[in-house]
file upload_7.pdb (PDB, C-alpha atoms, pLDDT in the B column)
ATOM      1  CA  MET A   4      42.909  84.328-133.017  1.00 84.00           C
ATOM      2  CA  ASP A   5      44.053  87.413-131.136  1.00 92.00           C
ATOM      3  CA  LEU A   6      41.816  90.468-130.869  1.00 95.00           C
ATOM      4  CA  ILE A   7      44.480  92.470-129.010  1.00 96.00           C
ATOM      5  CA  ARG A   8      48.244  92.487-129.503  1.00 97.00           C
ATOM      6  CA  ILE A   9      50.385  94.723-127.303  1.00 97.00           C
ATOM      7  CA  ARG A  10      54.104  94.914-128.020  1.00 97.00           C
ATOM      8  CA  ASN A  11      56.767  96.657-125.905  1.00 97.00           C
ATOM      9  CA  VAL A  12      54.403  99.390-124.734  1.00 97.00           C
ATOM     10  CA  LYS A  13      55.638 102.154-122.465  1.00 97.00           C
ATOM     11  CA  LYS A  14      53.531 104.991-121.066  1.00 97.00           C
ATOM     12  CA  GLN A  15      55.209 107.994-119.497  1.00 96.00           C
ATOM     13  CA  TYR A  16      53.115 111.002-118.478  1.00 94.00           C
ATOM     14  CA  LYS A  17      54.225 114.600-118.957  1.00 93.00           C
ATOM     15  CA  ASN A  18      55.086 114.894-115.254  1.00 94.00           C
ATOM     16  CA  GLY A  19      57.683 112.145-115.703  1.00 93.00           C
ATOM     17  CA  VAL A  20      55.700 109.343-114.045  1.00 93.00           C
ATOM     18  CA  ILE A  21      56.041 106.039-115.903  1.00 95.00           C
ATOM     19  CA  ALA A  22      52.772 104.087-115.640  1.00 95.00           C
ATOM     20  CA  ILE A  23      53.647 101.188-117.974  1.00 96.00           C
ATOM     21  CA  TYR A  24      57.118  99.698-118.645  1.00 93.00           C
ATOM     22  CA  ASP A  25      57.788  97.634-121.782  1.00 93.00           C
ATOM     23  CA  LEU A  26      54.533  95.646-121.598  1.00 96.00           C
ATOM     24  CA  SER A  27      53.690  92.891-124.115  1.00 97.00           C
ATOM     25  CA  LEU A  28      50.420  90.968-124.068  1.00 96.00           C
ATOM     26  CA  ASN A  29      48.069  89.021-126.374  1.00 97.00           C
ATOM     27  CA  ILE A  30      44.328  88.609-125.729  1.00 97.00           C
ATOM     28  CA  ALA A  31      42.298  86.201-127.858  1.00 97.00           C
ATOM     29  CA  LYS A  32      38.897  86.883-129.380  1.00 96.00           C
ATOM     30  CA  GLY A  33      36.146  85.843-126.986  1.00 96.00           C
ATOM     31  CA  ASP A  34      38.413  85.789-123.929  1.00 97.00           C
ATOM     32  CA  PHE A  35      37.484  87.160-120.480  1.00 97.00           C
ATOM     33  CA  VAL A  36      40.526  88.636-118.760  1.00 97.00           C
ATOM     34  CA  PHE A  37      40.925  90.336-115.390  1.00 97.00           C
ATOM     35  CA  ILE A  38      43.578  93.020-114.875  1.00 96.00           C
ATOM     36  CA  ILE A  39      44.466  93.307-111.185  1.00 95.00           C
ATOM     37  CA  GLY A  40      47.160  94.838-108.996  1.00 93.00           C
ATOM     38  CA  PRO A  41      47.738  97.516-106.347  1.00 92.00           C
ATOM     39  CA  THR A  42      46.653 101.144-106.744  1.00 88.00           C
ATOM     40  CA  GLY A  43      48.925 102.944-109.191  1.00 88.00           C
ATOM     41  CA  CYS A  44      50.187  99.778-110.888  1.00 92.00           C
ATOM     42  CA  GLY A  45      48.974 100.879-114.349  1.00 93.00           C
ATOM     43  CA  LYS A  46      45.658  98.977-114.626  1.00 93.00           C
ATOM     44  CA  SER A  47      43.482 101.903-115.666  1.00 90.00           C
ATOM     45  CA  THR A  48      46.204 103.384-117.871  1.00 94.00           C
ATOM     46  CA  LEU A  49      46.343 100.127-119.824  1.00 95.00           C
ATOM     47  CA  GLY A  50      42.565 100.217-120.322  1.00 92.00           C
ATOM     48  CA  LYS A  51      42.634 103.869-121.416  1.00 92.00           C
ATOM     49  CA  MET A  52      45.287 103.114-124.032  1.00 94.00           C
ATOM     50  CA  LEU A  53      43.130 100.334-125.492  1.00 94.00           C
ATOM     51  CA  TYR A  54      40.268 102.729-126.249  1.00 91.00           C
ATOM     52  CA  ARG A  55      42.645 105.594-127.065  1.00 92.00           C
ATOM     53  CA  GLU A  56      41.877 107.951-124.215  1.00 91.00           C
ATOM     54  CA  GLU A  57      45.660 107.804-123.720  1.00 93.00           C
ATOM     55  CA  ARG A  58      48.410 107.198-126.280  1.00 93.00           C
ATOM     56  CA  PRO A  59      51.395 104.978-125.489  1.00 95.00           C
ATOM     57  CA  THR A  60      54.741 106.777-125.366  1.00 96.00           C
ATOM     58  CA  SER A  61      56.251 103.937-127.393  1.00 96.00           C
ATOM     59  CA  GLY A  62      55.353 100.453-128.570  1.00 96.00           C
ATOM     60  CA  GLU A  63      52.457  98.996-130.537  1.00 96.00           C
ATOM     61  CA  ILE A  64      48.818  98.350-129.648  1.00 96.00           C
ATOM     62  CA  ILE A  65      46.653  96.504-132.182  1.00 95.00           C
ATOM     63  CA  VAL A  66      42.926  96.182-131.434  1.00 94.00           C
ATOM     64  CA  GLY A  67      40.761  94.408-133.996  1.00 91.00           C
ATOM     65  CA  GLY A  68      43.312  95.079-136.718  1.00 89.00           C
ATOM     66  CA  LEU A  69      43.654  98.801-135.933  1.00 89.00           C
ATOM     67  CA  ASN A  70      46.984 100.226-134.797  1.00 92.00           C
ATOM     68  CA  VAL A  71      45.701 102.272-131.859  1.00 91.00           C
ATOM     69  CA  ALA A  72      48.976 104.043-131.173  1.00 86.00           C
ATOM     70  CA  LYS A  73      49.165 105.459-134.712  1.00 88.00           C
ATOM     71  CA  LEU A  74      45.450 106.138-135.189  1.00 89.00           C
ATOM     72  CA  LYS A  75      44.747 109.740-136.199  1.00 89.00           C
ATOM     73  CA  ASN A  76      42.338 111.629-133.913  1.00 89.00           C
ATOM     74  CA  ARG A  77      39.780 111.990-136.712  1.00 90.00           C
ATOM     75  CA  LYS A  78      39.685 108.193-137.078  1.00 88.00           C
ATOM     76  CA  VAL A  79      39.368 107.290-133.378  1.00 89.00           C
ATOM     77  CA  TYR A  80      35.611 106.820-133.902  1.00 86.00           C
ATOM     78  CA  LYS A  81      36.401 103.705-135.980  1.00 83.00           C
ATOM     79  CA  LEU A  82      38.061 102.179-132.921  1.00 88.00           C
ATOM     80  CA  ARG A  83      35.376 103.324-130.487  1.00 86.00           C
ATOM     81  CA  ARG A  84      32.678 101.622-132.542  1.00 85.00           C
ATOM     82  CA  LYS A  85      34.419  98.310-131.842  1.00 88.00           C
ATOM     83  CA  ILE A  86      34.731  98.957-128.107  1.00 94.00           C
ATOM     84  CA  GLY A  87      32.268  99.385-125.253  1.00 93.00           C
ATOM     85  CA  VAL A  88      33.450 100.913-121.970  1.00 93.00           C
ATOM     86  CA  VAL A  89      31.863 100.597-118.514  1.00 93.00           C
ATOM     87  CA  PHE A  90      33.032 102.739-115.600  1.00 86.00           C
ATOM     88  CA  GLN A  91      32.647 102.568-111.823  1.00 82.00           C
ATOM     89  CA  ASP A  92      30.407 105.653-111.653  1.00 83.00           C
ATOM     90  CA  PHE A  93      27.833 104.644-114.331  1.00 84.00           C
ATOM     91  CA  LYS A  94      27.867 108.053-116.178  1.00 86.00           C
ATOM     92  CA  LEU A  95      24.120 107.906-116.913  1.00 93.00           C
ATOM     93  CA  LEU A  96      22.080 110.864-118.161  1.00 92.00           C
ATOM     94  CA  GLN A  97      19.896 111.614-115.137  1.00 94.00           C
ATOM     95  CA  LYS A  98      17.071 113.324-117.051  1.00 95.00           C
ATOM     96  CA  GLN A  99      16.758 110.472-119.544  1.00 96.00           C
ATOM     97  CA  THR A 100      14.925 107.182-119.024  1.00 97.00           C
ATOM     98  CA  VAL A 101      16.651 103.810-119.076  1.00 97.00           C
ATOM     99  CA  TYR A 102      15.505 103.352-122.674  1.00 97.00           C
ATOM    100  CA  GLU A 103      16.716 106.825-123.693  1.00 97.00           C
ATOM    101  CA  ASN A 104      20.117 106.329-122.051  1.00 95.00           C
ATOM    102  CA  VAL A 105      20.734 103.173-124.058  1.00 96.00           C
ATOM    103  CA  ALA A 106      19.172 104.500-127.285  1.00 96.00           C
ATOM    104  CA  PHE A 107      21.420 107.572-127.204  1.00 93.00           C
ATOM    105  CA  ALA A 108      24.454 105.417-128.060  1.00 87.00           C
ATOM    106  CA  LEU A 109      22.734 104.436-131.334  1.00 92.00           C
ATOM    107  CA  GLU A 110      21.139 107.795-132.107  1.00 92.00           C
ATOM    108  CA  VAL A 111      24.564 109.413-132.433  1.00 86.00           C
ATOM    109  CA  LEU A 112      25.286 106.855-135.189  1.00 85.00           C
ATOM    110  CA  GLY A 113      22.175 107.964-137.069  1.00 88.00           C
ATOM    111  CA  LEU A 114      20.431 104.582-137.086  1.00 91.00           C
ATOM    112  CA  PRO A 115      16.725 104.347-138.036  1.00 94.00           C
ATOM    113  CA  LYS A 116      14.270 104.566-135.113  1.00 95.00           C
ATOM    114  CA  ALA A 117      12.877 101.078-135.733  1.00 96.00           C
ATOM    115  CA  GLU A 118      16.371  99.549-135.611  1.00 96.00           C
ATOM    116  CA  ILE A 119      17.219 101.498-132.454  1.00 96.00           C
ATOM    117  CA  HIS A 120      13.997 100.343-130.792  1.00 96.00           C
ATOM    118  CA  SER A 121      14.666  96.686-131.617  1.00 96.00           C
ATOM    119  CA  LYS A 122      18.297  96.770-130.439  1.00 96.00           C
ATOM    120  CA  VAL A 123      17.547  98.647-127.212  1.00 96.00           C
ATOM    121  CA  LEU A 124      14.765  96.268-126.140  1.00 96.00           C
ATOM    122  CA  LYS A 125      16.936  93.255-126.977  1.00 95.00           C
ATOM    123  CA  VAL A 126      19.868  94.481-124.894  1.00 95.00           C
ATOM    124  CA  LEU A 127      17.654  95.577-121.972  1.00 96.00           C
ATOM    125  CA  ASP A 128      16.220  92.069-121.957  1.00 95.00           C
ATOM    126  CA  LEU A 129      19.761  90.656-121.878  1.00 94.00           C
ATOM    127  CA  VAL A 130      20.676  92.683-118.766  1.00 94.00           C
ATOM    128  CA  GLY A 131      17.292  92.007-117.108  1.00 94.00           C
ATOM    129  CA  LEU A 132      15.884  95.547-117.291  1.00 95.00           C
ATOM    130  CA  LYS A 133      13.242  95.381-120.006  1.00 94.00           C
ATOM    131  CA  ASN A 134      10.579  96.092-117.365  1.00 95.00           C
ATOM    132  CA  LYS A 135      12.443  99.226-116.225  1.00 96.00           C
ATOM    133  CA  ALA A 136      12.745 100.857-119.660  1.00 97.00           C
ATOM    134  CA  LYS A 137      10.635 103.883-118.667  1.00 97.00           C
ATOM    135  CA  ASN A 138      12.313 104.413-115.287  1.00 97.00           C
ATOM    136  CA  TYR A 139      14.841 107.151-114.588  1.00 97.00           C
ATOM    137  CA  PRO A 140      18.283 106.455-113.033  1.00 95.00           C
ATOM    138  CA  THR A 141      17.177 107.883-109.656  1.00 95.00           C
ATOM    139  CA  GLN A 142      14.480 105.187-109.499  1.00 97.00           C
ATOM    140  CA  LEU A 143      17.035 102.380-109.830  1.00 96.00           C
ATOM    141  CA  SER A 144      19.384 100.633-107.426  1.00 93.00           C
ATOM    142  CA  GLY A 145      23.151 100.903-107.916  1.00 92.00           C
ATOM    143  CA  GLY A 146      23.268  97.468-109.514  1.00 93.00           C
ATOM    144  CA  GLU A 147      20.449  98.333-111.902  1.00 95.00           C
ATOM    145  CA  GLN A 148      22.190 101.568-112.898  1.00 95.00           C
ATOM    146  CA  GLN A 149      25.353  99.623-113.667  1.00 93.00           C
ATOM    147  CA  ARG A 150      23.335  97.212-115.801  1.00 94.00           C
ATOM    148  CA  VAL A 151      21.991 100.195-117.766  1.00 95.00           C
ATOM    149  CA  ALA A 152      25.589 101.348-118.278  1.00 94.00           C
ATOM    150  CA  ILE A 153      26.524  97.860-119.513  1.00 95.00           C
ATOM    151  CA  ALA A 154      23.520  97.795-121.867  1.00 95.00           C
ATOM    152  CA  ARG A 155      24.527 101.171-123.309  1.00 94.00           C
ATOM    153  CA  ALA A 156      28.110  99.922-123.804  1.00 94.00           C
ATOM    154  CA  ILE A 157      27.101  96.772-125.712  1.00 95.00           C
ATOM    155  CA  VAL A 158      24.011  97.908-127.649  1.00 95.00           C
ATOM    156  CA  ASN A 159      26.066  98.499-130.797  1.00 92.00           C
ATOM    157  CA  GLY A 160      27.559  94.993-130.636  1.00 92.00           C
ATOM    158  CA  PRO A 161      31.183  95.841-129.804  1.00 93.00           C
ATOM    159  CA  LYS A 162      33.892  93.219-130.234  1.00 93.00           C
ATOM    160  CA  LEU A 163      35.522  94.336-126.984  1.00 96.00           C
ATOM    161  CA  LEU A 164      34.061  95.450-123.646  1.00 97.00           C
ATOM    162  CA  ILE A 165      36.409  97.208-121.208  1.00 96.00           C
ATOM    163  CA  CYS A 166      35.133  97.398-117.630  1.00 95.00           C
ATOM    164  CA  ASP A 167      37.038  99.721-115.287  1.00 92.00           C
ATOM    165  CA  GLU A 168      36.115  98.791-111.679  1.00 90.00           C
ATOM    166  CA  PRO A 169      32.452  98.109-112.650  1.00 90.00           C
ATOM    167  CA  THR A 170      31.644  96.642-109.213  1.00 89.00           C
ATOM    168  CA  GLY A 171      33.698  99.133-107.188  1.00 86.00           C
ATOM    169  CA  ASN A 172      30.675 100.907-105.679  1.00 83.00           C
ATOM    170  CA  LEU A 173      28.504  97.811-105.263  1.00 88.00           C
ATOM    171  CA  ASP A 174      27.986  95.327-102.456  1.00 89.00           C
ATOM    172  CA  GLU A 175      29.007  91.682-102.808  1.00 89.00           C
ATOM    173  CA  GLY A 176      25.586  90.385-103.823  1.00 90.00           C
ATOM    174  CA  THR A 177      25.126  93.056-106.471  1.00 90.00           C
ATOM    175  CA  SER A 178      28.677  92.493-107.719  1.00 90.00           C
ATOM    176  CA  LYS A 179      27.802  88.839-108.307  1.00 91.00           C
ATOM    177  CA  GLU A 180      24.741  89.913-110.326  1.00 91.00           C
ATOM    178  CA  ILE A 181      26.888  92.167-112.509  1.00 92.00           C
ATOM    179  CA  MET A 182      29.368  89.338-113.055  1.00 93.00           C
ATOM    180  CA  LYS A 183      26.536  87.062-114.222  1.00 93.00           C
ATOM    181  CA  VAL A 184      25.508  89.700-116.775  1.00 94.00           C
ATOM    182  CA  LEU A 185      29.098  90.069-118.005  1.00 95.00           C
ATOM    183  CA  GLU A 186      29.493  86.295-118.298  1.00 95.00           C
ATOM    184  CA  GLU A 187      26.332  86.098-120.433  1.00 94.00           C
ATOM    185  CA  ILE A 188      27.693  88.844-122.692  1.00 95.00           C
ATOM    186  CA  ASN A 189      31.003  86.974-122.968  1.00 96.00           C
ATOM    187  CA  LYS A 190      29.165  83.770-123.975  1.00 95.00           C
ATOM    188  CA  LEU A 191      27.733  85.692-126.937  1.00 93.00           C
ATOM    189  CA  GLY A 192      31.280  86.259-128.215  1.00 95.00           C
ATOM    190  CA  THR A 193      32.264  89.656-126.807  1.00 96.00           C
ATOM    191  CA  THR A 194      35.825  89.846-125.482  1.00 97.00           C
ATOM    192  CA  ILE A 195      35.870  91.308-121.966  1.00 97.00           C
ATOM    193  CA  ILE A 196      38.716  92.991-120.100  1.00 97.00           C
ATOM    194  CA  MET A 197      37.849  93.854-116.507  1.00 96.00           C
ATOM    195  CA  VAL A 198      40.016  96.043-114.288  1.00 94.00           C
ATOM    196  CA  THR A 199      39.266  95.419-110.609  1.00 93.00           C
ATOM    197  CA  HIS A 200      40.539  95.471-107.027  1.00 89.00           C
ATOM    198  CA  ASP A 201      38.083  92.737-105.986  1.00 90.00           C
ATOM    199  CA  THR A 202      40.397  89.723-105.776  1.00 90.00           C
ATOM    200  CA  GLU A 203      37.741  87.453-104.234  1.00 90.00           C
ATOM    201  CA  LEU A 204      35.402  88.135-107.163  1.00 92.00           C
ATOM    202  CA  VAL A 205      38.294  87.363-109.527  1.00 94.00           C
ATOM    203  CA  GLU A 206      39.022  84.037-107.819  1.00 93.00           C
ATOM    204  CA  ARG A 207      35.356  82.986-107.992  1.00 92.00           C
ATOM    205  CA  ALA A 208      35.202  83.773-111.720  1.00 94.00           C
ATOM    206  CA  LYS A 209      38.025  81.332-112.603  1.00 94.00           C
ATOM    207  CA  ARG A 210      39.211  83.278-115.652  1.00 96.00           C
ATOM    208  CA  ARG A 211      42.578  84.388-116.981  1.00 97.00           C
ATOM    209  CA  VAL A 212      44.170  86.980-114.665  1.00 97.00           C
ATOM    210  CA  ILE A 213      46.933  89.485-115.445  1.00 96.00           C
ATOM    211  CA  LEU A 214      48.649  90.767-112.286  1.00 96.00           C
ATOM    212  CA  LEU A 215      50.354  94.130-112.746  1.00 96.00           C
ATOM    213  CA  ASP A 216      52.825  95.725-110.370  1.00 95.00           C
ATOM    214  CA  SER A 217      54.639  99.023-110.977  1.00 93.00           C
ATOM    215  CA  GLY A 218      53.633  99.025-114.641  1.00 94.00           C
ATOM    216  CA  ARG A 219      54.899  95.506-115.384  1.00 95.00           C
ATOM    217  CA  ILE A 220      53.222  92.109-115.704  1.00 96.00           C
ATOM    218  CA  LEU A 221      54.168  90.310-112.506  1.00 95.00           C
ATOM    219  CA  LYS A 222      52.252  87.158-113.416  1.00 95.00           C
ATOM    220  CA  ASP A 223      49.839  85.896-116.083  1.00 96.00           C
ATOM    221  CA  TYR A 224      47.523  83.312-114.505  1.00 96.00           C
ATOM    222  CA  ALA A 225      45.899  80.798-116.843  1.00 95.00           C
ATOM    223  CA  LYS A 226      42.142  80.314-116.608  1.00 94.00           C
ATOM    224  CA  GLY A 227      41.107  78.982-113.199  1.00 90.00           C
ATOM    225  CA  THR A 228      44.570  79.044-111.571  1.00 94.00           C
ATOM    226  CA  TYR A 229      44.428  82.384-109.708  1.00 94.00           C
ATOM    227  CA  ARG A 230      44.179  82.397-105.891  1.00 89.00           C
ATOM    228  CA  HIS A 231      43.833  85.793-104.221  1.00 78.00           C
ATOM    229  CA  GLU A 232      46.058  84.802-101.270  1.00 65.00           C
ATOM    230  CA  SER A 233      48.954  84.649-103.736  1.00 48.00           C
ATOM    231  CA  VAL A 234      48.954  88.414-104.398  1.00 44.00           C
TER     232      VAL A 234
END
call {"tool": "encode", "arguments": {"input": "upload_7.pdb", "output": "structure tokens"}}
result
Amino acid sequence: MDLIRIRNVKKQYKNGVIAIYDLSLNIAKGDFVFIIGPTGCGKSTLGKMLYREERPTSGEIIVGGLNVAKLKNRKVYKLRRKIGVVFQDFKLLQKQTVYENVAFALEVLGLPKAEIHSKVLKVLDLVGLKNKAKNYPTQLSGGEQQRVAIARAIVNGPKLLICDEPTGNLDEGTSKEIMKVLEEINKLGTTIIMVTHDTELVERAKRRVILLDSGRILKDYAKGTYRHESV
């Protein structure tokens, strides 16, 4: 069953630049999909439209049964509760501990303290940071900070996790650690879309790969068929 259905989507910015041309794409529940392509090909724009930071100029985007393109601003929160987002630059609150950074995502929903405590410890255990709950971001490595960001993004149990260059600032070894965490999250049923430039990481992962070029799908590689030399 599809979690995401994109039909004939076009995105043109106010300055006239067209980032996405007539794009159609289905992504199944529980899938793990990489979006790759050269700088400026529309990768990040596609991700931003999925969590409604950007609206498509035309076409239809359905995420978990919600028509994202037609969603009123006051109802965007309903979409965001189904989606977790992880960025390249972590976006952690520097004066808050690891625990507090992750708990904040639940506090804004008004959940009881006991429920927040249980969920935060569970997700920190999942990303391997339960022993760092009282640490501050400055006391963590880059990889650990990214794991905190992932924990914060998934603590509310989203159906979809969008990762925009999550390993972009990390070395190869740390990137592999982050991929292991994401694969564990995917095994639990969360659909993952990962935007990346790291074609070697993509080849190792042996997942479905969407290659964009100039706002169009150049090729849709089935699971395990992508080879980075072919780009």
call {"tool": "closest_atom_pairs", "arguments": {"input": "upload_7.pdb", "of": "segment 83-191 of chain A", "to": "segment 40-51 of chain A", "cutoff": "12 Å", "atoms": "all atoms listed in the file", "output": "tab-separated table"}}
result
residue	atom	partner	partner_atom	distance
A:Arg83	CA	A:Lys51	CA	11.6
A:Ile86	CA	A:Gly50	CA	11.1
A:Gly87	CA	A:Gly50	CA	11.4
A:Val88	CA	A:Gly50	CA	9.3
A:Val89	CA	A:Gly50	CA	10.9
A:Phe90	CA	A:Ser47	CA	10.5
A:Gln91	CA	A:Ser47	CA	11.5
A:Leu163	CA	A:Gly50	CA	11.3
A:Leu164	CA	A:Gly50	CA	10.3
A:Ile165	CA	A:Gly50	CA	6.9
A:Cys166	CA	A:Gly50	CA	8.4
A:Asp167	CA	A:Ser47	CA	6.8
A:Glu168	CA	A:Ser47	CA	8.9
call {"tool": "resolve_selection", "arguments": {"input": "upload_7.pdb", "expression": "the PyMOL selection byres ((chain A and resi 149) around 10)", "output": "PyMOL selection string"}}
result
chain A and resi 89-95+130+140+143-148+150-155+169-170+172-173+177-178+181
call {"tool": "closest_residue", "arguments": {"input": "upload_7.pdb", "among": "A:Arg219, A:Lys179, A:Arg230, A:Lys135", "to": "Ile21 of chain A", "atoms": "all atoms listed in the file"}}
result
A:Arg219
call {"tool": "closest_residue", "arguments": {"input": "upload_7.pdb", "among": "A:Ile39, A:Leu74, A:Ile220, A:Ala106", "to": "Leu127 of chain A", "atoms": "all atoms listed in the file"}}
result
A:Ala106
call {"tool": "closest_residue", "arguments": {"input": "upload_7.pdb", "among": "A:Met197, A:Val205, A:Val101, A:Ile188", "to": "Asn138 of chain A", "atoms": "only C-alpha atoms"}}
result
A:Val101
call {"tool": "residues_around", "arguments": {"input": "upload_7.pdb", "residues": "Ile65 of chain A", "least_positions_apart": "3", "cutoff": "6 Å", "atoms": "only C-alpha atoms", "output": "list in words"}}
result
Ile7, Arg8, Gly68, Leu69, Asn70 and Val71 of chain A
call {"tool": "atom_distance", "arguments": {"input": "upload_7.pdb", "atom1": "atom CA of Lys137 of chain A", "atom2": "atom CA of Pro161 of chain A"}}
result
24.7 Å
call {"tool": "atom_distance", "arguments": {"input": "upload_7.pdb", "atom1": "atom CA of Leu129 of chain A", "atom2": "atom CA of Phe37 of chain A"}}
result
22.1 Å
call {"tool": "closest_residue", "arguments": {"input": "upload_7.pdb", "among": "A:Ile64, A:Val111, A:Val198, A:Thr228", "to": "Arg210 of chain A", "atoms": "all atoms listed in the file"}}
result
A:Thr228
call {"tool": "axis_aligned_box", "arguments": {"input": "upload_7.pdb", "around": "segment 67-81 of chain A", "padding_each_side": "8 Å", "output": "lines of an AutoDock Vina configuration file"}}
result
center_x = 42.4
center_y = 103.2
center_z = -134.1
size_x = 29.6
size_y = 33.6
size_z = 21.9
call {"tool": "residues_around", "arguments": {"input": "upload_7.pdb", "residues": "Asn159 of chain A", "least_positions_apart": "3", "cutoff": "10 Å", "atoms": "all atoms listed in the file", "output": "number ranges by chain"}}
result
A: 84-87, 105-106, 108-109, 112, 119, 122-123, 126, 154-156, 162
call {"tool": "atom_distance", "arguments": {"input": "upload_7.pdb", "atom1": "atom CA of Arg55 of chain A", "atom2": "atom CA of Thr100 of chain A"}}
result
28.9 Å
call {"tool": "resolve_selection", "arguments": {"input": "upload_7.pdb", "expression": "the PyMOL selection byres ((chain A and resi 60) around 8)", "output": "ChimeraX atom specification"}}
result
/A:12-15,58-59,61-62
